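Visitor: File name model21.txt; file contents compact mmCIF, C-alpha atoms; full text below.
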```
# COMPACT_ATOMS: atom_id res chain seq x y z
CA MET A 1 32.44 161.46 36.12
CA LYS A 2 30.55 161.73 32.85
CA PHE A 3 31.11 158.05 32.03
CA TYR A 4 27.78 157.24 33.70
CA ASN A 5 25.64 160.10 32.37
CA ASP A 6 23.06 157.82 30.76
CA TYR A 7 22.64 155.73 33.90
CA TYR A 8 22.28 158.91 35.96
CA ASP A 9 19.63 160.24 33.55
CA ILE A 10 17.55 157.05 33.83
CA ILE A 11 17.55 157.25 37.63
CA LYS A 12 16.67 160.95 37.56
CA SER A 13 13.83 160.33 35.09
CA ALA A 14 12.43 157.52 37.23
CA MET A 15 12.34 159.86 40.24
CA SER A 16 10.76 162.68 38.26
CA GLU A 17 8.17 160.63 36.38
CA ASP A 18 7.14 158.81 39.53
CA GLN A 19 5.92 162.12 40.94
CA SER A 20 3.65 162.85 37.96
CA ILE A 21 0.02 161.73 38.11
CA THR A 22 -2.13 160.77 35.11
CA LEU A 23 -5.93 160.64 35.22
CA GLY A 24 -7.27 158.20 32.65
CA PHE A 25 -10.63 158.36 30.82
CA ASP A 26 -11.92 155.69 33.18
CA GLY A 27 -11.07 157.88 36.14
CA GLU A 28 -8.20 155.67 37.23
CA ILE A 29 -5.18 157.48 38.66
CA SER A 30 -1.78 156.20 37.61
CA LYS A 31 1.85 157.20 37.90
CA GLY A 32 3.57 158.61 34.86
CA ILE A 33 6.44 156.12 34.94
CA ASP A 34 6.80 153.71 32.01
CA LEU A 35 8.13 150.51 33.56
CA LYS A 36 7.51 148.36 30.49
CA ALA A 37 9.61 150.63 28.27
CA PHE A 38 12.47 150.52 30.75
CA LEU A 39 12.36 146.73 31.10
CA ASN A 40 12.28 146.27 27.33
CA GLU A 41 15.25 148.58 26.88
CA SER A 42 17.23 147.03 29.72
CA LYS A 43 17.04 143.61 28.07
CA GLN A 44 19.56 144.87 25.55
CA SER A 45 23.01 143.51 26.42
CA ASN A 46 24.98 146.62 25.67
CA LEU A 47 26.67 149.49 27.43
CA LEU A 48 24.80 152.77 27.44
CA PRO A 49 26.46 155.35 25.14
CA SER A 50 28.40 157.31 27.76
CA LEU A 51 30.02 154.19 29.22
CA GLN A 52 30.54 152.71 25.74
CA ASN A 53 32.49 155.83 24.80
CA PHE A 54 34.67 155.39 27.86
CA ALA A 55 35.29 151.70 27.09
CA SER A 56 36.18 152.49 23.48
CA GLN A 57 38.54 155.29 24.49
CA ILE A 58 40.55 152.96 26.74
CA GLY A 59 40.46 150.06 24.27
CA ARG A 60 38.13 147.77 26.23
CA GLN A 61 35.27 145.71 24.82
CA PRO A 62 33.07 143.81 27.32
CA ASP A 63 32.08 140.23 26.55
CA PHE A 64 28.30 140.04 26.82
CA SER A 65 28.27 136.36 25.96
CA ARG A 66 29.27 135.56 29.55
CA LYS A 67 26.60 133.91 31.67
CA LEU A 68 25.80 134.35 35.33
CA GLY A 69 27.74 131.91 37.51
CA ALA A 70 29.50 130.28 34.60
CA HIS A 71 33.21 131.10 34.46
CA PRO A 72 34.15 129.50 31.12
CA ASP A 73 37.55 128.25 32.31
CA PHE A 74 35.89 125.90 34.79
CA GLN A 75 32.63 124.86 33.14
CA HIS A 76 34.08 121.43 32.36
CA LEU A 77 33.49 120.66 36.05
CA LYS A 78 29.72 120.95 35.60
CA GLY A 79 27.97 117.67 36.24
CA THR A 80 31.09 116.00 37.61
CA ASP A 81 32.70 115.29 40.96
CA GLU A 82 36.00 116.71 39.75
CA THR A 83 37.79 119.65 41.33
CA GLU A 84 40.51 122.00 40.16
CA ASN A 85 42.88 124.34 41.92
CA HIS A 86 43.30 127.75 40.32
CA TYR A 87 43.75 131.30 41.58
CA ILE A 88 40.97 133.88 41.46
CA VAL A 89 40.21 137.39 42.65
CA SER A 90 36.87 137.61 44.44
CA MET A 91 35.01 140.89 44.79
CA PHE A 92 31.81 141.44 46.75
CA ILE A 93 29.85 144.62 46.04
CA ASP A 94 27.12 145.58 48.48
CA ILE A 95 24.74 148.40 47.58
CA LYS A 96 23.19 149.90 50.70
CA GLY A 97 20.25 152.21 51.25
CA SER A 98 17.74 151.10 48.61
CA THR A 99 15.17 150.38 51.34
CA ASN A 100 14.96 154.12 51.98
CA LEU A 101 13.60 154.63 48.47
CA PHE A 102 10.31 152.89 49.34
CA SER A 103 9.36 155.76 51.65
CA LYS A 104 9.06 158.12 48.71
CA TYR A 105 8.76 156.16 45.46
CA SER A 106 6.55 153.47 43.99
CA ASN A 107 7.74 149.90 43.57
CA GLU A 108 8.13 150.57 39.85
CA ALA A 109 10.41 153.55 40.42
CA VAL A 110 12.48 151.71 43.05
CA LEU A 111 12.87 148.79 40.64
CA ILE A 112 14.18 151.08 37.89
CA ILE A 113 16.55 152.92 40.24
CA THR A 114 18.05 149.79 41.80
CA LYS A 115 18.25 147.88 38.50
CA THR A 116 20.02 150.81 36.85
CA ILE A 117 22.60 151.03 39.65
CA GLN A 118 23.15 147.29 39.51
CA ARG A 119 23.33 147.46 35.72
CA ALA A 120 26.07 150.10 35.99
CA ALA A 121 27.98 147.80 38.34
CA ILE A 122 27.67 144.82 35.99
CA HIS A 123 28.70 146.86 32.95
CA THR A 124 31.70 148.30 34.77
CA CYS A 125 32.88 144.84 35.84
CA LEU A 126 32.47 143.50 32.30
CA ILE A 127 34.54 146.37 30.90
CA PHE A 128 37.36 145.30 33.18
CA ASP A 129 37.04 141.61 32.32
CA GLY A 130 35.06 140.51 35.36
CA TYR A 131 32.83 137.45 35.59
CA ILE A 132 29.53 138.07 37.36
CA HIS A 133 29.14 135.00 39.53
CA ARG A 134 26.08 135.80 41.60
CA LEU A 135 23.48 138.50 42.22
CA GLN A 136 22.51 138.75 45.87
CA GLY A 137 19.72 141.27 46.36
CA ASP A 138 21.30 144.57 45.39
CA GLY A 139 24.79 143.08 45.69
CA LEU A 140 27.12 141.19 43.37
CA LEU A 141 29.83 138.56 43.71
CA VAL A 142 32.33 138.98 40.88
CA TYR A 143 35.42 136.99 39.86
CA PHE A 144 38.44 138.47 38.10
CA GLY A 145 41.12 136.39 36.43
CA GLY A 146 41.33 132.89 35.03
CA LYS A 147 43.52 130.79 32.81
CA GLY A 148 45.75 132.92 30.61
CA VAL A 149 45.34 136.03 32.78
CA THR A 150 48.22 137.15 34.98
CA ARG A 151 47.55 137.56 38.67
CA LYS A 152 48.65 141.19 38.57
CA ASN A 153 46.26 142.01 35.72
CA ALA A 154 43.39 140.27 37.49
CA VAL A 155 43.99 142.27 40.66
CA GLU A 156 44.40 145.54 38.75
CA ASN A 157 41.15 144.97 36.86
CA ALA A 158 39.28 144.35 40.12
CA LEU A 159 40.70 147.54 41.63
CA LEU A 160 39.80 149.57 38.53
CA ALA A 161 36.24 148.26 38.34
CA SER A 162 35.56 148.76 42.04
CA SER A 163 37.08 152.26 42.03
CA MET A 164 35.10 153.40 38.99
CA PHE A 165 31.80 152.14 40.37
CA THR A 166 32.44 153.61 43.82
CA TYR A 167 33.14 157.03 42.30
CA PHE A 168 29.83 156.86 40.42
CA VAL A 169 27.83 156.04 43.54
CA LYS A 170 29.64 158.40 45.90
CA ASN A 171 29.86 161.44 43.62
CA ASP A 172 27.59 161.28 40.58
CA LEU A 173 24.54 160.11 42.53
CA LYS A 174 25.19 162.16 45.66
CA ASN A 175 23.56 165.42 44.61
CA LEU A 176 20.66 163.64 42.94
CA PHE A 177 19.62 161.86 46.12
CA GLU A 178 20.21 164.92 48.28
CA GLU A 179 18.00 167.00 45.95
CA GLN A 180 15.21 164.48 46.53
CA ASP A 181 15.69 164.75 50.31
CA ILE A 182 16.35 161.06 50.77
CA LYS A 183 19.19 159.26 52.43
CA ARG A 184 21.44 158.48 49.51
CA ILE A 185 22.45 155.04 48.36
CA ALA A 186 26.03 153.99 49.08
CA THR A 187 28.28 151.07 48.34
CA ARG A 188 30.80 149.00 50.26
CA ILE A 189 33.21 146.61 48.56
CA GLY A 190 35.52 143.81 49.70
CA ILE A 191 38.21 142.25 47.48
CA ASP A 192 40.61 139.39 48.07
CA PHE A 193 42.96 137.12 46.14
CA GLY A 194 43.35 133.38 46.57
CA GLY A 195 46.31 131.58 44.97
CA ASP A 196 46.23 128.24 43.19
CA LYS A 197 46.67 126.19 46.36
CA ASP A 198 44.05 128.26 48.21
CA VAL A 199 41.16 128.08 45.73
CA LEU A 200 39.29 124.88 44.88
CA TRP A 201 36.80 125.01 42.01
CA SER A 202 33.96 122.49 41.93
CA MET A 203 30.26 122.06 41.28
CA ALA A 204 28.01 123.08 44.14
CA GLY A 205 24.44 121.79 44.31
CA ILE A 206 22.80 118.95 42.40
CA GLY A 207 21.80 118.49 38.76
CA GLU A 208 20.48 121.69 37.26
CA ILE A 209 20.20 123.22 40.72
CA SER A 210 23.92 123.81 40.71
CA GLU A 211 26.73 126.18 39.84
CA ILE A 212 30.49 126.09 39.41
CA THR A 213 31.94 128.00 42.31
CA THR A 214 35.00 128.34 44.54
CA CYS A 215 35.69 126.91 47.95
CA SER A 216 38.21 129.32 49.41
CA LEU A 217 38.88 131.28 52.56
CA HIS A 218 39.66 134.27 50.38
CA THR A 219 36.31 134.25 48.59
CA ASN A 220 34.62 134.22 51.97
CA LEU A 221 36.88 137.00 53.22
CA ALA A 222 35.92 139.27 50.30
CA ALA A 223 32.32 139.23 51.58
CA LYS A 224 33.47 139.68 55.17
CA MET A 225 35.75 142.61 54.29
CA GLN A 226 32.83 144.35 52.60
CA LEU A 227 31.27 144.53 56.06
CA GLU A 228 34.45 146.16 57.40
CA ALA A 229 34.49 148.89 54.72
CA GLU A 230 33.35 152.40 55.48
CA THR A 231 30.52 153.95 53.47
CA ASN A 232 31.65 154.10 49.83
CA GLY A 233 34.86 152.39 50.84
CA ILE A 234 36.87 149.43 49.58
CA VAL A 235 38.68 146.98 51.87
CA VAL A 236 41.19 144.50 50.44
CA GLY A 237 43.16 141.58 51.81
CA ASP A 238 46.92 141.27 52.18
CA ASN A 239 47.11 139.04 49.09
CA ILE A 240 45.80 141.92 46.98
CA LYS A 241 48.57 144.14 48.27
CA SER A 242 51.15 141.41 47.62
CA ASN A 243 50.10 141.04 43.99
CA PHE A 244 49.62 144.75 43.25
CA ASP A 245 51.80 146.73 45.63
CA THR A 246 51.16 150.48 45.58
CA ASP A 247 51.01 153.35 48.06
CA TYR A 248 47.21 153.22 48.26
CA TYR A 249 46.77 150.80 51.18
CA THR A 250 46.28 151.65 54.87
CA VAL A 251 45.58 149.07 57.57
CA VAL A 252 41.94 149.24 58.66
CA SER A 253 42.91 149.60 62.31
CA LYS A 254 44.39 153.02 61.57
CA ARG A 255 40.92 154.25 60.52
CA THR A 256 39.00 152.60 63.35
CA GLY A 257 41.53 153.20 66.11
CA ASP A 258 41.10 149.60 67.24
CA GLU A 259 44.13 147.36 66.78
CA ASN A 260 41.82 144.33 66.72
CA ASP A 261 40.66 145.51 63.29
CA ARG A 262 44.12 145.05 61.80
CA TYR A 263 43.35 141.42 60.94
CA ILE A 264 40.26 140.11 59.16
CA PHE A 265 41.14 136.48 59.97
CA ARG A 266 43.40 134.84 62.56
CA ASN A 267 44.38 131.22 63.10
CA PRO A 268 46.54 131.03 66.24
CA ALA A 269 47.26 127.33 65.71
CA ASP A 270 49.14 128.13 62.50
CA ASN A 271 50.26 131.58 63.65
CA PHE A 272 48.33 132.95 60.68
CA ASN A 273 47.22 136.59 60.89
CA TYR A 274 45.65 137.99 57.74
CA THR A 275 45.74 141.78 57.39
CA GLN A 276 43.00 143.91 55.84
CA TYR A 277 43.54 147.32 54.27
CA ASP A 278 41.49 150.33 53.31
CA PHE A 279 42.16 150.98 49.62
CA ASN A 280 42.49 154.63 48.60
CA TRP A 281 40.52 154.19 45.41
CA LEU A 282 40.23 157.91 44.62
CA ASN A 283 44.00 158.50 44.52
CA PHE A 284 44.35 155.28 42.53
CA LEU A 285 41.88 156.56 39.92
CA LYS A 286 43.59 159.93 39.68
CA GLU A 287 46.84 158.20 38.76
CA GLN A 288 45.35 156.34 35.77
CA ASP A 289 46.60 157.54 32.40
CA PHE A 290 43.04 157.80 31.03
CA ILE A 291 41.90 160.17 33.81
CA VAL A 292 42.28 163.93 34.18
CA THR A 293 41.04 166.14 37.03
CA ASP A 294 39.28 169.44 36.31
CA LEU A 295 39.58 172.64 38.36
CA ASN A 296 36.70 171.52 40.60
CA GLY A 297 38.33 168.19 41.37
CA ASN A 298 35.98 166.17 39.14
CA LEU A 299 37.44 163.21 37.27
CA LEU A 300 37.11 163.26 33.49
CA LEU A 301 38.15 161.04 30.62
CA LYS A 302 41.39 162.23 29.06
CA GLN A 303 40.73 162.85 25.40
CA LYS A 304 43.01 161.26 22.86
CA PRO A 305 45.18 163.86 21.09
CA THR A 306 44.09 164.87 17.61
CA HIS A 307 46.54 163.75 14.93
CA ILE A 308 48.13 166.72 13.13
CA PRO A 309 50.02 165.96 9.90
CA SER A 310 53.71 166.85 9.92
CA THR A 311 55.03 169.56 7.59
CA SER A 312 56.92 166.89 5.61
CA SER A 313 53.66 165.16 4.68
CA LEU A 314 52.17 168.52 3.64
CA GLY A 315 55.05 168.99 1.22
CA ALA A 316 54.21 165.73 -0.53
CA ILE A 317 50.58 166.79 -0.89
CA ALA A 318 51.54 170.21 -2.29
CA SER A 319 53.84 168.69 -4.91
CA GLN A 320 50.88 166.81 -6.41
CA ASN A 321 48.63 169.87 -6.68
CA THR A 322 49.01 172.81 -9.06
CA PRO A 323 48.37 176.21 -7.48
CA TYR A 324 46.15 178.62 -9.36
CA LEU A 325 45.26 182.27 -9.20
CA PHE A 326 41.70 183.22 -8.36
CA ILE A 327 40.54 186.69 -9.50
CA PRO A 328 37.06 187.73 -8.33
```
Produce structure tokens that represent the structure in this file.
Guide:
Amino acid sequence: MKFYNDYYDIIKSAMSEDQSITLGFDGEISKGIDLKAFLNESKQSNLLPSLQNFASQIGRQPDFSRKLGAHPDFQHLKGTDETENHYIVSMFIDIKGSTNLFSKYSNEAVLIITKTIQRAAIHTCLIFDGYIHRLQGDGLLVYFGGKGVTRKNAVENALLASSMFTYFVKNDLKNLFEEQDIKRIATRIGIDFGGDKDVLWSMAGIGEISEITTCSLHTNLAAKMQLEAETNGIVVGDNIKSNFDTDYYTVVSKRTGDENDRYIFRNPADNFNYTQYDFNWLNFLKEQDFIVTDLNGNLLLKQKPTHIPSTSSLGAIASQNTPYLFIP
């Protein structure tokens, strides 16, 4: 998927440059990697060109004014004891395997590699209107939805963002890590939806050591379902399926062969059994109207058709121009 070419190139360069050795005039040996240049460039709040082209082609423009842990629809709760009920989609992205990088690369190279992967995740979520709530190591907690956003659109955006990012990690980075003879990095994602009555927004913490966050079973379950996902897999809760019903869901127990894995949460007192599903993100992506598949099975951005003037408009142009004879 060429949408992430620039992110891929940064990771590849970090691996390559980290292997080069420079001997200074003072005899000091140093790696060839330029960490300062990368950090200065990464401060820029913008998509890299390949992903920007994708966003423009599908008519999306990320909002880089958003702040970490500050969903604008609920910031009025900051510094108060007030609460508010409102639905939200919670998505937990866990990026696994970065520890393996330390066996072969310097701290500087590992920092560039992991920050670039995380940056790709953040940019992808912003394209699909996500709110980055928290960074946890290599992982992210992201909210989708809010006031004025339909529940179906919020769920669809979460599924699109998670599917795009998973494809990047599973396919685009696969060969790169295998070429370097290291165990490749993978991702696991959990997503769930909590309705108005199931999600309570409030301030957590004290004073400036605080954030506006959700108290909800379904936010907690998103993180728990991430643990139930297979490598480069996405697991979603029954509320996701209810709000965006497609043919792309399969109960987790069918994959594991253990019927106990059908439910991610059970409350016998209320006879409440909450089902978890593997989400077939690849088939979901293939069905998007902005995606085409090449002969090798790779996903590509469908190019917008070039506008060709109709013959009627050509007639109007010809009537305003006088033909002439050219004799060499």
Visitor: Using all atoms listed in the file for the distances, tell me which of A:Val169, A:Ala223, A:Ile88, A:Val142 is nearest to Lys197 of chain A.
Guide: A:Ile88
Visitor: May I have the protein, DNA and RNA residues with any atom at most 10 Å from the point (46.9, 156.7, 49.0), counting all atoms listed in the file, written as a list in words?
Guide: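 The answer, in the requested form, is Thr246, Asp247, Tyr248, Tyr249, Thr250, Asp278, Phe279, Asn280, Trp281, Leu282, Asn283 and Phe284 of chain A.
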Visitor: As an exercise, work out the distance from atom CA of Ile291 of chain A to atom CA of Asn53 of chain A in Å and give it to one decimal place.
Guide: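 Between these atoms lies a distance of 13.7 Å.
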Visitor: Would you list the residues near (22.5, 145.1, 42.1), meaning any protein, DNA or RNA residue with an atom at most 9 Å from that point in file coordinates, counting all atoms listed in the file, as JSON, numbers by chain?
Guide: {"A": [93, 94, 95, 114, 115, 116, 117, 118, 119, 120, 121, 122, 135, 136, 137, 138, 139, 140]}
Visitor: From the list A:Glu84, A:Asp73, A:Glu156, A:Glu178, which residue is nearest Ser202 of chain A when using only C-alpha atoms?
Guide: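 The shortest atom-to-atom distance to Ser202 of chain A comes from A:Glu84.
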Visitor: Please provide the set of residues having any atom within 12 Å of Arg184 of chain A, restricted to all atoms listed in the file, with same-chain residues fewer than 2 positions apart removed, written as a PyMOL selection string.
Guide: chain A and resi 95-101+113+169-182+186-187+231-232
Visitor: For a quick check of understanding, using all atoms listed in the file, which of A:Ser90, A:Asn157, A:Ser216, A:Thr256 has the smallest distance to Tyr277 of chain A?
Guide: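 Of A:Ser90, A:Asn157, A:Ser216, A:Thr256, the one nearest Tyr277 of chain A, counting all atoms listed in the file, is A:Thr256.
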Visitor: Between A:Tyr263, A:Phe290, A:Trp201, A:Tyr274, which one has atoms that come closest to Thr80 of chain A, using only C-alpha atoms?
Guide: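 Checking each of A:Tyr263, A:Phe290, A:Trp201, A:Tyr274 against Thr80 of chain A, counting only C-alpha atoms, the winner is A:Trp201.
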